[in-house]
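Next up, start_24.cif (mmCIF, C-alpha atoms):
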```
data_my_file
loop_
_atom_site.label_atom_id
_atom_site.label_comp_id
_atom_site.auth_asym_id
_atom_site.auth_seq_id
_atom_site.Cartn_x
_atom_site.Cartn_y
_atom_site.Cartn_z
CA MET A 1 8.89 17.68 1.75
CA TYR A 2 9.51 14.31 0.17
CA VAL A 3 11.38 11.26 1.45
CA ARG A 4 14.01 10.43 -1.13
CA THR A 5 15.91 7.57 0.55
CA LEU A 6 15.48 5.45 3.66
CA SER A 7 18.14 3.47 5.53
CA ILE A 8 17.08 1.00 8.22
CA GLN A 9 19.25 -0.93 10.70
CA ASN A 10 18.06 -3.40 13.34
CA LEU A 11 14.41 -2.45 13.09
CA ARG A 12 12.11 -5.41 13.68
CA CYS A 13 12.54 -7.82 10.74
CA PHE A 14 15.24 -5.71 9.04
CA ALA A 15 18.92 -6.14 9.83
CA LYS A 16 20.13 -3.60 7.29
CA VAL A 17 18.43 -2.26 4.16
CA LYS A 18 18.40 0.90 2.06
CA LEU A 19 15.76 1.89 -0.47
CA GLU A 20 14.87 4.74 -2.79
CA LEU A 21 11.31 6.00 -2.98
CA ASN A 22 9.49 7.54 -5.92
CA HIS A 23 8.47 11.15 -5.49
CA PRO A 24 7.19 13.97 -7.74
CA GLY A 25 9.99 15.20 -9.94
CA ARG A 26 12.06 12.02 -9.76
CA GLU A 27 13.00 10.82 -13.22
CA GLN A 28 12.55 7.10 -13.84
CA PRO A 29 13.52 5.55 -17.19
CA LEU A 30 10.91 3.18 -18.57
CA ARG A 31 11.15 0.40 -21.09
CA SER A 32 8.25 1.74 -23.14
CA ASP A 33 6.07 4.84 -23.44
CA THR A 34 3.00 2.60 -23.22
CA ILE A 35 3.81 1.55 -19.63
CA ARG A 36 1.99 3.57 -16.99
CA HIS A 37 4.38 5.04 -14.44
CA LEU A 38 3.18 7.23 -11.58
CA PRO A 39 6.15 9.31 -10.40
CA ASN A 40 4.61 9.95 -6.97
CA VAL A 41 3.81 6.32 -6.03
CA THR A 42 5.81 3.52 -4.40
CA LEU A 43 3.95 0.22 -3.93
CA LEU A 44 5.28 -2.30 -1.40
CA LEU A 45 4.54 -5.99 -1.96
CA GLY A 46 5.36 -8.88 0.35
CA ASP A 47 4.08 -11.74 2.49
CA ASN A 48 2.42 -11.13 5.84
CA GLY A 49 5.16 -10.47 8.38
CA ALA A 50 7.77 -9.59 5.75
CA GLY A 51 7.95 -5.96 6.91
CA LYS A 52 5.78 -3.77 4.69
CA THR A 53 4.18 -1.97 7.64
CA THR A 54 7.59 -1.61 9.29
CA VAL A 55 8.79 0.32 6.23
CA LEU A 56 5.85 2.73 6.59
CA ARG A 57 6.67 3.20 10.27
CA ALA A 58 10.33 3.78 9.48
CA ILE A 59 9.43 6.49 6.95
CA ALA A 60 7.29 8.25 9.57
CA LEU A 61 9.99 7.94 12.24
CA GLY A 62 12.73 9.24 9.95
CA ALA A 63 10.76 12.11 8.43
CA LEU A 64 9.48 13.29 11.83
CA ALA A 65 12.59 12.41 13.83
CA PRO A 66 12.73 15.72 15.79
CA VAL A 67 9.02 15.51 16.62
CA MET A 68 9.20 11.87 17.67
CA ALA A 69 12.15 12.54 19.98
CA MET A 70 10.68 15.52 21.81
CA SER A 71 7.48 15.13 23.82
CA SER A 72 5.34 13.93 20.93
CA GLY A 73 3.36 11.39 22.92
CA PHE A 74 4.97 8.57 20.93
CA VAL A 75 5.96 5.56 23.07
CA PRO A 76 8.11 3.08 21.09
CA PHE A 77 7.41 -0.59 21.79
CA SER A 78 9.09 -3.65 20.27
CA LEU A 79 10.60 -1.77 17.35
CA VAL A 80 14.25 -2.67 17.95
CA ARG A 81 15.23 -5.98 16.33
CA ARG A 82 15.70 -8.74 18.90
CA THR A 83 17.06 -12.19 17.97
CA LYS A 84 17.89 -15.30 19.96
CA LEU A 85 21.62 -15.18 19.23
CA LYS A 86 22.74 -11.87 20.65
CA THR A 87 21.80 -8.84 22.70
CA ALA A 88 19.70 -6.41 20.71
CA ALA A 89 21.66 -3.59 19.12
CA ARG A 90 20.36 -0.07 18.68
CA ALA A 91 17.98 0.56 15.82
CA ARG A 92 18.89 3.34 13.44
CA ILE A 93 16.67 5.04 10.85
CA GLU A 94 18.04 7.63 8.46
CA ALA A 95 15.72 9.48 6.09
CA GLY A 96 17.08 11.43 3.15
CA LEU A 97 14.65 14.31 2.71
CA LEU A 98 14.01 16.65 -0.17
CA LEU A 99 12.97 19.97 1.37
CA ASP A 100 11.12 22.91 -0.13
CA GLU A 101 10.61 26.47 1.03
CA HIS A 102 8.23 25.42 3.82
CA GLU A 103 10.82 23.40 5.75
CA GLY A 104 13.60 25.93 6.12
CA GLU A 105 15.67 28.86 5.05
CA HIS A 106 17.27 26.61 2.43
CA THR A 107 15.89 23.98 0.11
CA GLY A 108 17.39 20.78 -1.14
CA GLU A 109 18.54 17.50 0.38
CA GLU A 110 18.91 16.88 4.10
CA SER A 111 19.21 13.79 6.31
CA GLN A 112 17.55 13.11 9.63
CA THR A 113 18.46 10.20 11.90
CA LEU A 114 16.55 8.58 14.74
CA THR A 115 18.10 6.00 17.08
CA LEU A 116 16.19 3.61 19.35
CA ARG A 117 17.80 1.84 22.29
CA PRO A 118 16.28 -1.45 23.52
CA LEU A 119 15.13 -1.66 27.13
CA SER A 120 13.66 -4.61 29.01
CA ASP A 121 10.28 -6.22 28.29
CA PHE A 122 10.29 -5.10 24.64
CA ASN A 123 10.21 -1.42 25.55
CA ASP A 124 12.43 0.93 23.57
CA LEU A 125 13.77 4.42 24.16
CA ILE A 126 14.44 7.21 21.68
CA GLU A 127 17.91 8.52 22.36
CA THR A 128 18.29 12.29 22.62
CA LEU A 129 19.76 13.64 19.41
CA ASP A 130 20.89 17.07 18.29
CA PHE A 131 18.86 17.96 15.22
CA PRO A 132 20.35 20.79 13.12
CA HIS A 133 17.29 23.02 13.00
CA SER A 134 16.91 26.70 13.75
CA ALA A 135 14.33 27.95 16.24
CA ASN A 136 12.14 29.01 13.31
CA ILE A 137 12.14 25.49 11.86
CA ARG A 138 11.51 23.89 15.24
CA LYS A 139 8.40 26.05 15.55
CA ARG A 140 7.19 24.86 12.16
CA LEU A 141 7.76 21.26 13.19
CA TYR A 142 5.22 21.55 16.00
CA ASP A 143 2.64 23.88 14.44
CA GLU A 144 -0.23 21.92 12.88
CA ARG A 145 -1.17 24.86 10.67
CA GLU A 146 2.26 24.96 9.05
CA PRO A 147 2.67 23.07 5.75
CA ALA A 148 6.23 22.12 6.75
CA TYR A 149 6.96 18.40 7.29
CA PHE A 150 3.52 17.36 6.11
CA ILE A 151 3.22 13.58 6.51
CA LEU A 152 0.18 11.36 7.12
CA GLY A 153 -0.01 7.66 7.98
CA TYR A 154 -2.97 5.28 7.76
CA SER A 155 -2.94 1.74 9.13
CA ALA A 156 -4.98 -1.24 8.00
CA ASN A 157 -7.16 -0.68 11.11
CA ARG A 158 -8.23 2.79 10.02
CA ARG A 159 -11.70 3.75 11.14
CA VAL A 160 -13.63 6.99 11.40
CA GLU A 161 -14.53 8.44 14.77
CA PRO A 162 -18.32 8.56 15.40
CA TYR A 163 -19.57 12.08 14.79
CA ARG A 164 -20.89 12.61 18.33
CA ASN A 165 -17.59 11.65 20.00
CA VAL A 166 -15.35 14.16 18.23
CA ASP A 167 -13.54 16.78 20.30
CA GLU A 168 -10.76 18.29 18.22
CA SER A 169 -9.08 20.12 21.09
CA SER A 170 -8.76 17.00 23.25
CA ARG A 171 -6.87 15.16 20.52
CA TYR A 172 -3.83 17.40 20.93
CA LYS A 173 -3.57 17.37 24.71
CA VAL A 174 -1.52 14.16 24.95
CA ARG A 175 0.02 14.02 21.46
CA SER A 176 1.65 16.62 19.27
CA PRO A 177 -0.38 17.39 16.12
CA LYS A 178 2.37 16.29 13.72
CA TYR A 179 2.73 12.93 15.47
CA LEU A 180 -1.02 12.45 15.68
CA ARG A 181 -1.13 12.45 11.87
CA VAL A 182 0.92 9.22 11.76
CA ALA A 183 -0.09 7.78 15.15
CA GLY A 184 -2.43 5.27 13.52
CA LEU A 185 0.62 3.37 12.25
CA PHE A 186 1.75 2.79 15.86
CA GLU A 187 -1.46 2.77 17.92
CA GLU A 188 -4.66 0.81 17.32
CA ASN A 189 -7.10 3.25 18.94
CA VAL A 190 -6.41 6.25 16.68
CA THR A 191 -9.45 7.29 14.65
CA LEU A 192 -9.99 9.51 11.61
CA MET A 193 -11.77 12.84 11.45
CA PRO A 194 -15.40 12.51 10.26
CA LEU A 195 -16.39 14.36 7.12
CA SER A 196 -19.38 15.95 8.86
CA VAL A 197 -17.12 17.65 11.42
CA TRP A 198 -14.61 19.49 9.25
CA LEU A 199 -16.39 20.03 5.91
CA PRO A 200 -19.05 22.48 7.24
CA GLN A 201 -16.31 24.54 8.93
CA LEU A 202 -14.32 24.61 5.71
CA ARG A 203 -17.42 25.79 3.82
CA ARG A 204 -17.88 28.70 6.24
CA HIS A 205 -14.27 29.86 6.43
CA GLU A 206 -12.57 28.81 3.16
CA SER A 207 -15.12 28.52 0.38
CA ALA A 208 -12.47 28.00 -2.32
CA HIS A 209 -10.88 25.14 -0.39
CA PHE A 210 -14.35 23.71 0.24
CA ARG A 211 -15.19 23.56 -3.46
CA GLU A 212 -11.79 22.06 -4.22
CA ALA A 213 -12.21 19.42 -1.50
CA ILE A 214 -15.58 18.33 -2.91
CA ASP A 215 -14.07 18.06 -6.39
CA LEU A 216 -11.05 16.07 -5.15
CA ILE A 217 -13.16 13.58 -3.20
CA ASN A 218 -15.31 12.97 -6.26
CA ARG A 219 -12.24 12.47 -8.44
CA MET A 220 -11.01 9.78 -6.03
CA LEU A 221 -14.34 7.93 -5.68
CA PRO A 222 -15.29 4.89 -7.77
CA ALA A 223 -17.26 5.49 -10.94
CA GLY A 224 -20.96 5.93 -10.16
CA ALA A 225 -20.40 7.47 -6.71
CA LYS A 226 -20.55 11.19 -5.95
CA LEU A 227 -20.36 13.41 -2.88
CA LEU A 228 -23.10 16.04 -3.02
CA GLY A 229 -21.97 19.58 -2.26
CA ASN A 230 -25.06 20.65 -0.33
CA PRO A 231 -25.80 18.99 3.04
CA ARG A 232 -29.22 17.73 4.07
CA HIS A 233 -30.07 18.00 7.78
CA ASP A 234 -26.39 18.73 8.53
CA GLU A 235 -25.32 15.53 6.77
CA TYR A 236 -23.23 15.42 3.60
CA LEU A 237 -24.66 12.71 1.36
CA PHE A 238 -23.20 10.39 -1.24
CA ARG A 239 -25.19 9.54 -4.36
CA ILE A 240 -24.61 5.87 -5.18
CA GLY A 241 -26.78 3.81 -7.46
CA GLY A 242 -29.55 6.39 -7.47
CA SER A 243 -29.75 6.62 -3.65
CA ASP A 244 -28.54 9.48 -1.45
CA LEU A 245 -26.81 8.07 1.64
CA PRO A 246 -25.01 9.54 4.66
CA PHE A 247 -21.52 8.28 5.45
CA ALA A 248 -22.76 5.93 8.20
CA ALA A 249 -25.04 4.14 5.72
CA LEU A 250 -22.29 3.38 3.21
CA SER A 251 -20.87 -0.10 2.74
CA ASP A 252 -17.66 -1.12 4.50
CA GLY A 253 -15.68 -0.65 1.29
CA TYR A 254 -16.89 2.90 0.73
CA ARG A 255 -16.42 3.85 4.39
CA ALA A 256 -12.86 2.49 4.41
CA HIS A 257 -11.96 4.49 1.31
CA VAL A 258 -13.91 7.68 1.98
CA GLY A 259 -12.71 7.67 5.59
CA TRP A 260 -9.02 8.07 4.85
CA ILE A 261 -9.26 10.29 1.75
CA SER A 262 -11.54 12.72 3.60
CA ASP A 263 -9.18 12.69 6.59
CA LEU A 264 -6.32 13.42 4.18
CA LEU A 265 -8.17 16.43 2.78
CA TYR A 266 -9.01 17.58 6.30
CA HIS A 267 -5.31 17.77 7.15
CA LEU A 268 -4.49 19.37 3.81
CA SER A 269 -7.06 22.07 4.48
CA ARG A 270 -5.63 22.63 7.99
CA SER A 271 -2.11 23.15 6.64
CA CYS A 272 -2.71 24.85 3.31
CA PRO A 273 -2.35 28.67 3.24
CA PRO A 274 -5.58 30.46 2.21
CA ARG A 275 -4.38 31.66 -1.19
CA ARG A 276 -2.92 28.31 -2.26
CA LYS A 277 -4.73 25.33 -3.70
CA LEU A 278 -4.92 22.08 -1.76
CA VAL A 279 -3.35 20.20 -4.67
CA ASP A 280 -0.26 22.43 -4.50
CA LEU A 281 0.74 21.26 -1.03
CA ARG A 282 3.67 18.85 -0.90
CA GLY A 283 4.08 16.02 1.55
CA VAL A 284 4.06 12.29 2.20
CA VAL A 285 1.07 9.95 2.58
CA LEU A 286 1.53 6.38 3.87
CA VAL A 287 -1.34 3.90 3.48
CA ASP A 288 -1.25 0.28 4.65
CA GLU A 289 -3.31 -2.13 2.54
CA ILE A 290 -4.67 0.36 0.04
CA ASP A 291 -7.01 -2.31 -1.38
CA LEU A 292 -8.80 -2.81 1.95
CA HIS A 293 -12.41 -3.91 1.22
CA PHE A 294 -12.07 -2.93 -2.46
CA HIS A 295 -14.06 -4.77 -5.10
CA PRO A 296 -11.79 -5.99 -7.94
CA GLN A 297 -13.33 -3.44 -10.31
CA TRP A 298 -12.24 -0.60 -8.02
CA GLN A 299 -8.80 -2.15 -7.49
CA ARG A 300 -8.17 -1.56 -11.20
CA GLN A 301 -8.68 2.21 -10.80
CA ALA A 302 -7.96 3.29 -7.23
CA VAL A 303 -4.21 3.99 -7.14
CA PRO A 304 -4.01 5.83 -10.50
CA LYS A 305 -7.04 7.96 -9.60
CA ILE A 306 -5.61 8.94 -6.22
CA ALA A 307 -2.10 9.65 -7.50
CA GLN A 308 -3.31 11.72 -10.45
CA ALA A 309 -5.79 13.72 -8.35
CA LEU A 310 -3.01 14.77 -5.93
CA PRO A 311 0.15 14.83 -8.07
CA ASN A 312 2.25 16.85 -5.61
CA LEU A 313 1.89 14.33 -2.79
CA GLN A 314 4.23 11.38 -2.42
CA PHE A 315 2.32 8.14 -1.78
CA VAL A 316 3.70 4.92 -0.32
CA PHE A 317 1.14 2.09 -0.39
CA THR A 318 1.23 -1.54 0.66
CA THR A 319 -0.97 -4.22 -0.90
CA HIS A 320 -1.49 -7.94 -1.42
CA SER A 321 -3.57 -7.38 -4.53
CA PRO A 322 -2.25 -8.58 -7.91
CA ILE A 323 -4.91 -6.42 -9.57
CA VAL A 324 -3.56 -3.25 -7.94
CA THR A 325 -0.03 -4.35 -8.82
CA GLY A 326 -0.91 -4.74 -12.50
CA THR A 327 -2.04 -1.11 -12.74
CA LEU A 328 1.53 0.18 -12.18
CA SER A 329 4.93 -0.20 -13.76
CA SER A 330 7.66 -2.27 -12.13
CA ALA A 331 9.43 1.03 -11.43
CA ASN A 332 6.63 1.79 -8.95
CA VAL A 333 7.05 -1.50 -7.08
CA LEU A 334 9.38 -2.69 -4.31
CA LEU A 335 9.36 -6.30 -3.10
CA VAL A 336 9.79 -7.02 0.60
CA ARG A 337 11.04 -10.59 1.01
CA GLU A 338 11.87 -12.72 4.04
CA CYS A 339 14.99 -14.89 3.94
CA ILE A 340 16.79 -17.15 6.43
CA ASP A 341 20.50 -16.78 7.23
CA LYS A 342 22.96 -19.58 8.06
CA ASN A 343 22.03 -19.37 11.75
CA GLY A 344 18.35 -19.91 11.04
CA ILE A 345 17.47 -16.29 11.78
CA SER A 346 14.99 -14.62 9.46
CA ARG A 347 15.59 -11.16 8.04
CA SER A 348 13.88 -9.16 5.36
CA VAL A 349 15.34 -7.62 2.24
CA ILE A 350 13.93 -5.12 -0.25
CA GLU A 351 14.47 -5.40 -3.99
CA SER A 352 13.01 -4.26 -7.29
CA PRO A 353 11.08 -6.64 -9.58
CA ASP A 354 13.07 -8.20 -12.40
CA GLU A 355 10.10 -8.28 -14.78
CA GLU A 356 7.56 -5.76 -16.06
CA LEU A 357 4.18 -6.00 -14.32
CA TYR A 358 2.03 -3.33 -15.94
CA GLY A 359 -0.84 -4.80 -17.94
CA LEU A 360 -0.42 -8.40 -16.74
CA SER A 361 -3.48 -10.26 -15.52
CA ALA A 362 -3.95 -11.14 -11.86
CA ASP A 363 -3.29 -14.81 -12.68
CA GLN A 364 -0.04 -13.96 -14.47
CA ILE A 365 1.20 -11.83 -11.57
CA LEU A 366 0.27 -14.42 -8.94
CA THR A 367 2.16 -17.17 -10.80
CA SER A 368 5.17 -14.94 -11.53
CA ASN A 369 8.25 -14.61 -9.34
CA ILE A 370 6.55 -11.70 -7.57
CA PHE A 371 4.04 -13.84 -5.66
CA GLY A 372 5.50 -17.23 -6.57
CA LEU A 373 2.34 -19.35 -6.70
CA ASP A 374 2.41 -22.61 -8.66
CA SER A 375 -1.23 -22.04 -9.54
CA THR A 376 -4.13 -19.85 -8.53
CA ARG A 377 -6.42 -22.89 -8.32
CA ASP A 378 -7.47 -24.61 -5.09
CA SER A 379 -4.50 -26.69 -3.92
CA ASP A 380 -6.46 -29.97 -3.68
CA PHE A 381 -7.96 -29.57 -7.12
CA PHE A 382 -4.59 -28.56 -8.56
CA GLY A 383 -3.14 -31.85 -7.30
CA ARG A 384 -5.87 -33.77 -9.09
CA LEU A 385 -5.29 -31.68 -12.21
CA GLN A 386 -1.64 -32.66 -12.20
CA THR A 387 -2.65 -36.33 -11.90
CA ALA A 388 -5.01 -35.88 -14.86
CA ALA A 389 -2.12 -34.34 -16.84
CA ARG A 390 0.07 -37.36 -16.19
CA GLU A 391 -2.77 -39.69 -17.23
CA ALA A 392 -3.26 -37.66 -20.41
CA ARG A 393 0.42 -38.04 -21.30
CA ALA A 394 0.28 -41.79 -20.77
CA GLY A 395 -3.26 -42.53 -21.95
CA GLY A 396 -5.47 -42.06 -24.98
CA PRO A 397 -7.59 -39.26 -26.37
CA GLU A 398 -10.28 -39.77 -23.71
CA ALA A 399 -7.82 -38.99 -20.92
CA ALA A 400 -6.51 -35.96 -22.82
CA ILE A 401 -10.01 -34.61 -23.39
CA ARG A 402 -10.86 -35.11 -19.72
CA TYR A 403 -7.79 -33.11 -18.75
CA MET A 404 -8.72 -30.29 -21.14
CA ARG A 405 -12.25 -30.18 -19.73
CA MET A 406 -10.85 -29.92 -16.18
CA VAL A 407 -8.55 -27.08 -17.24
CA SER A 408 -11.42 -25.11 -18.77
CA ALA A 409 -14.36 -25.97 -16.50
CA GLY A 410 -12.77 -26.90 -13.16
CA ALA A 411 -14.21 -29.54 -10.85
CA ALA A 412 -17.57 -29.46 -12.66
CA ALA A 413 -15.95 -31.43 -15.49
CA GLU A 414 -13.83 -33.68 -13.32
CA ASP A 415 -16.17 -36.67 -13.15
CA SER A 416 -17.72 -36.29 -16.57
CA THR A 417 -16.74 -38.93 -19.08
CA PRO A 418 -16.70 -38.00 -22.74
CA PRO A 419 -18.62 -40.33 -25.08
CA PRO A 420 -16.35 -42.96 -26.64
CA SER A 421 -15.15 -42.19 -30.12
CA ARG A 422 -16.79 -44.35 -32.83
CA ARG A 423 -14.16 -43.49 -35.36
CA LYS A 424 -10.93 -45.39 -35.39
CA VAL A 425 -8.04 -43.10 -34.48
CA SER A 426 -4.65 -43.65 -36.07
CA PRO A 427 -1.64 -43.93 -33.74
CA LEU A 428 -0.15 -40.73 -35.20
CA ARG A 429 -3.36 -38.73 -34.67
CA LYS A 430 -3.63 -40.09 -31.13
CA LYS A 431 -0.05 -39.01 -30.42
CA ARG A 432 -0.67 -35.47 -31.75
CA THR A 433 -3.90 -35.11 -29.72
CA VAL A 434 -2.21 -36.10 -26.48
CA ALA A 435 0.74 -33.77 -27.22
CA ARG A 436 -1.53 -30.77 -27.83
CA ALA A 437 -3.63 -31.49 -24.74
CA THR A 438 -0.67 -31.74 -22.39
CA SER A 439 1.48 -28.86 -23.66
CA LEU A 440 0.08 -26.54 -21.01
CA SER A 441 1.03 -28.99 -18.27
CA HIS A 442 4.60 -29.24 -19.62
CA LYS A 443 4.95 -25.43 -19.58
CA ARG A 444 3.62 -25.08 -16.04
CA THR A 445 5.90 -27.84 -14.75
CA GLN A 446 8.97 -26.35 -16.42
CA ARG A 447 8.20 -22.88 -15.08
CA ALA A 448 7.90 -24.29 -11.54
CA LYS A 449 11.29 -26.01 -11.94
CA ASP A 450 12.87 -22.78 -13.21
CA ARG A 451 11.70 -20.96 -10.10
CA GLY A 452 13.43 -23.64 -8.01
#
```
Go through the file and emit its structure as structure tokens.
Amino acid sequence: MYVRTLSIQNLRCFAKVKLELNHPGREQPLRSDTIRHLPNVTLLLGDNGAGKTTVLRAIALGALAPVMAMSSGFVPFSLVRRTKLKTAARARIEAGLLLDEHEGEHTGEESQTLTLRPLSDFNDLIETLDFPHSANIRKRLYDEREPAYFILGYSANRRVEPYRNVDESSRYKVRSPKYLRVAGLFEENVTLMPLSVWLPQLRRHESAHFREAIDLINRMLPAGAKLLGNPRHDEYLFRIGGSDLPFAALSDGYRAHVGWISDLLYHLSRSCPPRRKLVDLRGVVLVDEIDLHFHPQWQRQAVPKIAQALPNLQFVFTTHSPIVTGTLSSANVLLVRECIDKNGISRSVIESPDEELYGLSADQILTSNIFGLDSTRDSDFFGRLQTAAREARAGGPEAAIRYMRMVSAGAAAEDSTPPPSRRKVSPLRKKRTVARATSLSHKRTQRAKDRG
């Protein structure tokens, strides 16, 4: 299953939007063969509060609409859009799905709709709907071992359950297994399955899947890190920088990354038939803040590595990282923007970038229309830099040189005074020096005016 389209009405910050998501097999024309495009990745960019996480939740609600509506354990809270001007209307989410042989007797496109009715005190209610599914499909919807409707969701609060506290059977007593896979997007106390719980079982019962899981984890780790295939004292170790470390001894960045990719492979191994490879399974994976705790070096590699290791999964990521953004084509990116209507009510819209992003530097992306920064420098220092630019335009070579030193060396050069020139400078030469020194300032100012 893949989610092809998503329509949202009256859901939190969204009044009405519709978007198309990338998925394996979707053709996307590119401007150049040299631009990297990952057909199974959609990257959501936007300010805090603009609605990126809401989009992930809407995908989960739409794709699992029958599960969510029928004794899943899901309790909707403050999802319906409420404004100061009128009584809240019902929220409506429609997901256009692309089904394969696992989801039903027929394959192809199908739509599922979920409606939420607002109650008092920010509580919401899922209205009872008639979903057009046969008894056979309804069984697949609730069976964790079935590959049908495979969708996972990971919030920015993702954390791994301590090894000693894990009781797999108790997890499914109050929530349906399919909902539990996306529950982290709606509940803060949902934890991930530890590697040391499921990997030994996989080794005993499905040796082929075990070897494949080890290989996939290593393909998705940063360069220089490796998961060792043989445990030591019942612990699977990671070799990093010449040291062999258990999961609990890893840094926050490694734990955040290893935690969700190992949980992903755990669920793949639970749903994948014995004679099929894990990489063959189709489904949807939603990850909030993919760059969480990532060093910039790893931000340059993470998304391509993950997407290429699991090419049959559809990934929807959110990020604030310009480095992650620059590793993908604009066709992989959707911008979530907040705007204000004539009544002073904010609403969010979703649009595609109007410029190519692949290969740009972080500074270029941050000062583009995507992020809209005037500069990536400290705001106080940038104000002083603008003052120095004005002085360079009006003053002599000394002021121009001071401005150039501030541009290249920052505040360390701000108070330094260049030695006075002993050679007499002609008026024409002085004019050319000042013009060259301030050209950068002119360009930055004009670009800021163009953006409005």
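In this comparison, which uses all atoms listed in the file, the residue of A:His320, A:Leu61, A:Lys84, A:Lys226 approaching Gly242 (chain A) most closely is A:Lys226.
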What does the distance from CA of Ser7 (chain A) to CA of Phe122 (chain A) come to in Å, to one decimal? 22.4 Å
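Taking only C-alpha atoms into account, Cys13 (chain A) lies nearest to A:Ala91 out of the set A:Ala225, A:Ala91, A:Val316, A:Val285.
You can rank A:Leu227, A:Ala413, A:Gln364, A:Leu185 by their closest distance to Leu250 (chain A) using all atoms listed in the file, and at the top of that list sits A:Leu227.
Those residues returned by the PyMOL selection byres ((chain A and resi 158-163) around 8) for this file are Tyr154, Ser155, Ala156, Asn157, Arg164, Asn165, Val166, Gly184, Val190, Thr191, Leu192, Met193, Pro194, Ser196, Val197, Ala256, Gly259 and Trp260 of chain A.
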Contact residues around Arg275 (chain A) with only C-alpha atoms at 10 Å, ignoring same-chain residues under 4 positions, as a ChimeraX atom specification: /A:206,208-209
For Met70 (chain A), which residue among A:Asn10, A:Ser176, A:Ser262, A:Gln112 is the nearest when counting all atoms listed in the file? A:Ser176
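Compared by their closest atoms to Gly253 (chain A), and using all atoms listed in the file, the residues A:Phe210, A:Phe294, A:Phe150, A:Phe315 rank with A:Phe294 nearest.
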Within 7 Å of region 38-49 of chain A, counting only C-alpha atoms, which residues show up once you throw out same-chain ones fewer than 3 positions away? Write them as a ChimeraX atom specification, please. /A:21-24,26,52,307,311,313-320,332-337
Here's the selection I'm unsure about, the PyMOL selection byres ((chain A and resi 407) around 12); applied to the file above, which residues does it give, as a list in words? Ser375, Arg377, Phe381, Phe382, Arg384, Leu385, Gln386, Ala388, Ala389, Ala400, Ile401, Arg402, Tyr403, Met404, Arg405, Met406, Ser408, Ala409, Gly410, Ala411, Ala412, Ala413, Glu414, Ala437, Thr438, Leu440 and Ser441 of chain A
Same residues, C-alpha atoms, saved as a compact mmCIF listing (two decimals), in the frame of the given file:
```txt
# COMPACT_ATOMS: atom_id res chain seq x y z
CA SER A 375 -1.23 -22.04 -9.54
CA ARG A 377 -6.42 -22.89 -8.32
CA PHE A 381 -7.96 -29.57 -7.12
CA PHE A 382 -4.59 -28.56 -8.56
CA ARG A 384 -5.87 -33.77 -9.09
CA LEU A 385 -5.29 -31.68 -12.21
CA GLN A 386 -1.64 -32.66 -12.20
CA ALA A 388 -5.01 -35.88 -14.86
CA ALA A 389 -2.12 -34.34 -16.84
CA ALA A 400 -6.51 -35.96 -22.82
CA ILE A 401 -10.01 -34.61 -23.39
CA ARG A 402 -10.86 -35.11 -19.72
CA TYR A 403 -7.79 -33.11 -18.75
CA MET A 404 -8.72 -30.29 -21.14
CA ARG A 405 -12.25 -30.18 -19.73
CA MET A 406 -10.85 -29.92 -16.18
CA SER A 408 -11.42 -25.11 -18.77
CA ALA A 409 -14.36 -25.97 -16.50
CA GLY A 410 -12.77 -26.90 -13.16
CA ALA A 411 -14.21 -29.54 -10.85
CA ALA A 412 -17.57 -29.46 -12.66
CA ALA A 413 -15.95 -31.43 -15.49
CA GLU A 414 -13.83 -33.68 -13.32
CA ALA A 437 -3.63 -31.49 -24.74
CA THR A 438 -0.67 -31.74 -22.39
CA LEU A 440 0.08 -26.54 -21.01
CA SER A 441 1.03 -28.99 -18.27
```
Give me the residues within 8 Å of region 345-347 of chain A as a PyMOL selection string, counting all atoms listed in the file and dropping any in the same chain fewer than 6 places off. chain A and resi 13-15+83+338-339
Return as an MDAnalysis selection string the set of residues that the PyMOL selection byres ((chain A and resi 358) around 8) yields on the displayed structure. chainID A and resid 35:36 325:330 356:357 359:360
Could you jot down the CA of Ala148 (chain A) to CA of Gly283 (chain A) separation for me, Å, one decimal place? 8.3 Å
Kindly provide, as a VMD selection string, the polymer residues lying within 6 Å of (16.1, 0.7, 18.2), counting all atoms listed in the file and using the coordinates exactly as they appear in the file. chain A and resid 80 90 to 91 115 to 118
Could the residues in this selection be saved with C-alpha atoms as a PDB file, in the coordinates of the input?
```pdb
ATOM      1  CA  VAL A  80      14.250  -2.670  17.950  1.00  0.00           C
ATOM      2  CA  ARG A  90      20.360  -0.070  18.680  1.00  0.00           C
ATOM      3  CA  ALA A  91      17.980   0.560  15.820  1.00  0.00           C
ATOM      4  CA  THR A 115      18.100   6.000  17.080  1.00  0.00           C
ATOM      5  CA  LEU A 116      16.190   3.610  19.350  1.00  0.00           C
ATOM      6  CA  ARG A 117      17.800   1.840  22.290  1.00  0.00           C
ATOM      7  CA  PRO A 118      16.280  -1.450  23.520  1.00  0.00           C
TER       8      PRO A 118
END
```
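Pairwise distance (CA of Asp252 (chain A), CA of Trp298 (chain A)) equals 13.7 Å.
Residue nearest Phe77 (chain A), chosen from A:Leu64, A:Ile217, A:Leu99, A:Leu125 and counting only C-alpha atoms: A:Leu125.
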